[in-house]
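The structure appears right after this line, and notes come after that.
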Amino acid sequence: MSATTLADVVRLLERRYPPSTAESWDAVGLVTGDPSQPVRRVLFAVDPVAVVADEAADWGADLVVTHHPLLLRPVHSIAGTTYKGALLHRLVRSGTALFTAHTNADAAAGGVNDALAAALGLVGTSPLEPAASEALDKHVVFVPVADAERLVDALAAAGAGAIGEYTRCAWTSTGEGTFTPTDAASPTIGSAGEAARVVEARVEMVAPRRLRASVVAALRSAHPYEEPAFDVLELASWPAATGTGRVGSLAEPTTLRAFASAVAAALPATAQGVRFAGDPDGRVERVAVVGGSGDSFFDAVRASGVDAYVTADLRHHPSSELRERARHDGSPVGSGTPYLVDVAHFASEWPWLELAARTLEHDCAAAGTTVETRVSTVSTDPWTGRVASPEPNAPTAPPEGHP
């Protein structure tokens, strides 16, 4: 097998987790590293922190792939006097590259949310919020058969004909075109006042709607006719198979208490553990998950009709409002769905690491190269301890007469 370079690995990672699917505020991709450097060992971790850099150096990793970005916000210095600067200097000195797959890994098939759903035993999953597919045009143009290949090349160079991992995709058929030039025309074929008949190819290619102007300009430039005949058709949009979160079903219904216990057993142990809100004996079968902070998706969760929602970093006010809305649906106090299951942020995203590592090894082998992967054994959850209340205590009633 040929030696694997950093450019090879980045290409495979970005094929699985396309940067174009990351949120607009995100910072993903290669952070540091020479694309031509060889890559033999790849370490996967949730956070780009000092202990992970130490682990990478001790193991001899050539690349660290993290879920969370190191440089999410712009910086004006990477001096070693700053935490982030010192970390980057350490990576550069050890020859270790750093790559981030964040919200693009959240949305991807085989990404963070698929891994979380699988860890919890969900089946029949689909996105909680499907990603909108990019708006497409279909360009249909009629051209003399002898010029068809040249026209396809020109449209492809302008961005048309790209479908998934395939480029220069086109469909052609032939037929007879007819036209009569006027005296003011300068026809490539035929003469003024005489009907011309030409064997033409009908060429069809799709292109992103945002490239419409450049594709039409390329069409006009490459076409031999003074007035080319063409159509631009706006194609219907279709929900993508990727997107935020996942919704699925448990193999068998269970109670909220039992489900929360199963979640705790399936994810890495953390100081926070697992909290839940709702009737402990309530029925749980349909479940939504979002790895990382997920209380901004409450509306989508309610619309999905699930029994429980597993995510991290749940805040008091949004969670309280969701539970109040559930109670006002006519259910007894505490029993309305969706129930909430709150886990540690780190724990919710950790299951993806093993899946990502196996996927990279598979993709490298398919490409005729090889890498060794490892999932970081260091917990980067920032919380280190918890003191539980002896037992739930009801708030003390205010003194009589107190407002």
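Every chain in the structure tokens has a letter given in the order shown (A, B, ...), and although residue numbers restart at 1 in each chain, ligands are simply numbered from 1 in the order shown.
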Item to check | Per-residue DSSP, range 139-346 of chain A, filtered to alpha helix (DSSP H), as a PyMOL selection string | outcome: chain A and resi 148-157+212-222+256-266+298-304+316-327+345-346
Next on the checklist: Env of Ala251 in chain A: 9 Å cut, atoms = only C-alpha atoms, seq-sep filter 3 positions within chain, self excluded. Answer as a PyMOL selection string.
Outcome noted: chain A and resi 121-123+285
Set the distance at 9 Å and use only C-alpha atoms: which residues neighbour Thr270 in chain A once local chain neighbours fewer than 5 positions away are removed? I'd like the list as a PDB file with C-alpha atoms, in the first residue's frame.
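Output file selection16.pdb follows:
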ATOM      1  CA  VAL A 343     -26.621  13.925  30.064  1.00  0.00           C
ATOM      2  CA  ALA A 344     -23.136  15.432  30.163  1.00  0.00           C
ATOM      3  CA  PHE A 346     -18.910  15.163  26.665  1.00  0.00           C
ATOM      4  CA  ALA A 347     -20.750  11.882  27.182  1.00  0.00           C
ATOM      5  CA  SER A 379     -12.167  12.051  29.866  1.00  0.00           C
ATOM      6  CA  ASP A 381     -15.550  16.351  30.781  1.00  0.00           C
ATOM      7  CA  TRP A 383     -16.820  18.387  35.855  1.00  0.00           C
ATOM      8  CA  THR A 384     -14.940  16.288  38.388  1.00  0.00           C
ATOM      9  CA  GLY A 385     -17.380  15.741  41.243  1.00  0.00           C
TER      10      GLY A 385
END
Checklist outcome for this item: Across A:Ala170, A:Leu43, A:Leu360, A:Val49, the smallest distance to Pro382 in chain A, with only C-alpha atoms counted, is shown by A:Val49
Checklist entry - Counting only C-alpha atoms, what is within 12 Å of Ala218 in chain A, bar same-chain residues fewer than 6 positions away, as an MDAnalysis selection string? => result chainID A and resid 139 141 150:160 211:212 224 228
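Residues surrounding Glu227 in chain A within 10 Å are Ala185, Ser186, Pro187, Thr188 and Arg220 of chain A [only C-alpha atoms; sequence separation below 6 positions excluded].
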Save the residues we just selected, C-alpha atoms, as a PDB file, in the first residue's frame?
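As a result, selection-v7.pdb now contains:
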ATOM      1  CA  ALA A 185     -28.751  37.028 -38.474  1.00  0.00           C
ATOM      2  CA  SER A 186     -25.186  35.683 -38.683  1.00  0.00           C
ATOM      3  CA  PRO A 187     -25.910  31.934 -38.620  1.00  0.00           C
ATOM      4  CA  THR A 188     -23.209  29.357 -37.907  1.00  0.00           C
ATOM      5  CA  ARG A 220     -23.488  30.915 -24.247  1.00  0.00           C
TER       6      ARG A 220
END
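If you count only C-alpha atoms and ignore residues fewer than 2 places along the chain from Leu256 in chain A, what sits within 10 Å of it is Pro253, Thr254, Ala258, Phe259, Ala260, Ser261, Ala262, Phe276, Ala277, Gly278, Asp279, Pro280, Asp281, Gly282, Arg283, Val284, Glu285, Asp307, Ala308, Tyr339, Leu340 and Val341 of chain A.
Atom pair CA of Leu71 in chain A / CA of Leu91 in chain A has a distance of 14.1 Å (rounded to one decimal).
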Item to check | CA of Val42 in chain A to CA of Val112 in chain A, distance in Å rounded to a single decimal | outcome: 18.1 Å
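Taking CA of Ala184 in chain A as the reference point, CA of Ala229 in chain A is found at 18.1 Å.
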Next on the checklist: I need the residues of range 160-313 of chain A that end up classed as strand (DSSP E or B) by DSSP on the backbone, written out as a PyMOL selection string.
Outcome noted: chain A and resi 163+166+171-179+196-208+229-234+239-255+275-277+283-293+308-312
Put those residues in a file: C-alpha atoms, as a JSON list (two decimals), in the first residue's frame.
[["chain", "number", "residue", "atom", "x", "y", "z"],
["A", 163, "ILE", "CA", -23.93, 14.72, -8.22],
["A", 166, "TYR", "CA", -19.55, 12.11, -9.47],
["A", 171, "TRP", "CA", -27.78, 13.03, -20.24],
["A", 172, "THR", "CA", -28.00, 13.39, -24.00],
["A", 173, "SER", "CA", -30.32, 12.32, -26.78],
["A", 174, "THR", "CA", -30.46, 13.30, -30.43],
["A", 175, "GLY", "CA", -33.10, 14.72, -32.68],
["A", 176, "GLU", "CA", -33.59, 17.14, -35.53],
["A", 177, "GLY", "CA", -33.72, 20.87, -35.00],
["A", 178, "THR", "CA", -34.95, 23.38, -37.53],
["A", 179, "PHE", "CA", -34.72, 27.16, -37.85],
["A", 196, "ALA", "CA", -32.08, 24.74, -41.93],
["A", 197, "ARG", "CA", -32.33, 21.26, -40.47],
["A", 198, "VAL", "CA", -29.60, 20.07, -38.08],
["A", 199, "VAL", "CA", -29.06, 16.85, -36.13],
["A", 200, "GLU", "CA", -28.73, 18.15, -32.59],
["A", 201, "ALA", "CA", -28.05, 16.71, -29.15],
["A", 202, "ARG", "CA", -30.30, 17.54, -26.23],
["A", 203, "VAL", "CA", -27.95, 17.95, -23.25],
["A", 204, "GLU", "CA", -29.29, 17.97, -19.67],
["A", 205, "MET", "CA", -27.16, 18.79, -16.62],
["A", 206, "VAL", "CA", -28.05, 19.81, -13.07],
["A", 207, "ALA", "CA", -26.31, 22.63, -11.22],
["A", 208, "PRO", "CA", -26.72, 24.51, -7.93],
["A", 229, "ALA", "CA", -31.88, 27.35, -27.49],
["A", 230, "PHE", "CA", -31.91, 26.34, -23.82],
["A", 231, "ASP", "CA", -34.17, 25.96, -20.80],
["A", 232, "VAL", "CA", -33.41, 26.49, -17.11],
["A", 233, "LEU", "CA", -35.80, 24.47, -14.94],
["A", 234, "GLU", "CA", -36.03, 24.88, -11.15],
["A", 239, "PRO", "CA", -35.43, 16.61, 2.36],
["A", 240, "ALA", "CA", -31.90, 15.34, 2.83],
["A", 241, "ALA", "CA", -31.12, 12.11, 4.65],
["A", 242, "THR", "CA", -28.91, 14.11, 7.00],
["A", 243, "GLY", "CA", -29.70, 16.85, 9.48],
["A", 244, "THR", "CA", -29.89, 17.76, 13.15],
["A", 245, "GLY", "CA", -30.57, 15.07, 15.73],
["A", 246, "ARG", "CA", -32.23, 11.70, 15.25],
["A", 247, "VAL", "CA", -35.63, 10.23, 16.09],
["A", 248, "GLY", "CA", -36.12, 6.50, 16.52],
["A", 249, "SER", "CA", -37.76, 3.76, 18.55],
["A", 250, "LEU", "CA", -36.62, 1.44, 21.29],
["A", 251, "ALA", "CA", -36.88, -2.27, 20.56],
["A", 252, "GLU", "CA", -39.41, -2.52, 23.42],
["A", 253, "PRO", "CA", -41.22, 0.14, 25.47],
["A", 254, "THR", "CA", -39.88, 0.87, 28.94],
["A", 255, "THR", "CA", -40.34, 3.33, 31.77],
["A", 275, "ARG", "CA", -30.98, 13.61, 35.11],
["A", 276, "PHE", "CA", -34.54, 13.18, 33.93],
["A", 277, "ALA", "CA", -37.76, 15.19, 34.09],
["A", 283, "ARG", "CA", -43.95, 4.97, 29.09],
["A", 284, "VAL", "CA", -41.02, 5.56, 26.74],
["A", 285, "GLU", "CA", -40.79, 4.10, 23.24],
["A", 286, "ARG", "CA", -40.16, 6.88, 20.71],
["A", 287, "VAL", "CA", -37.04, 8.89, 21.48],
["A", 288, "ALA", "CA", -35.27, 11.93, 20.02],
["A", 289, "VAL", "CA", -31.58, 12.59, 20.55],
["A", 290, "VAL", "CA", -29.26, 15.54, 19.92],
["A", 291, "GLY", "CA", -25.60, 15.25, 20.84],
["A", 292, "GLY", "CA", -24.28, 18.31, 22.65],
["A", 293, "SER", "CA", -26.40, 21.28, 23.72],
["A", 308, "ALA", "CA", -38.47, 11.29, 25.58],
["A", 309, "TYR", "CA", -35.66, 13.58, 24.48],
["A", 310, "VAL", "CA", -32.00, 12.87, 25.27],
["A", 311, "THR", "CA", -29.53, 15.75, 25.00],
["A", 312, "ALA", "CA", -27.05, 17.77, 27.09]]
Next on the checklist: If we count only C-alpha atoms and set the cut-off at 7 Å, which residues sit around Ala22 in chain A, ignoring sequence neighbours fewer than 3 positions away in its own chain? Please answer as a VMD selection string.
Outcome noted: chain A and resid 19 26 103 to 104
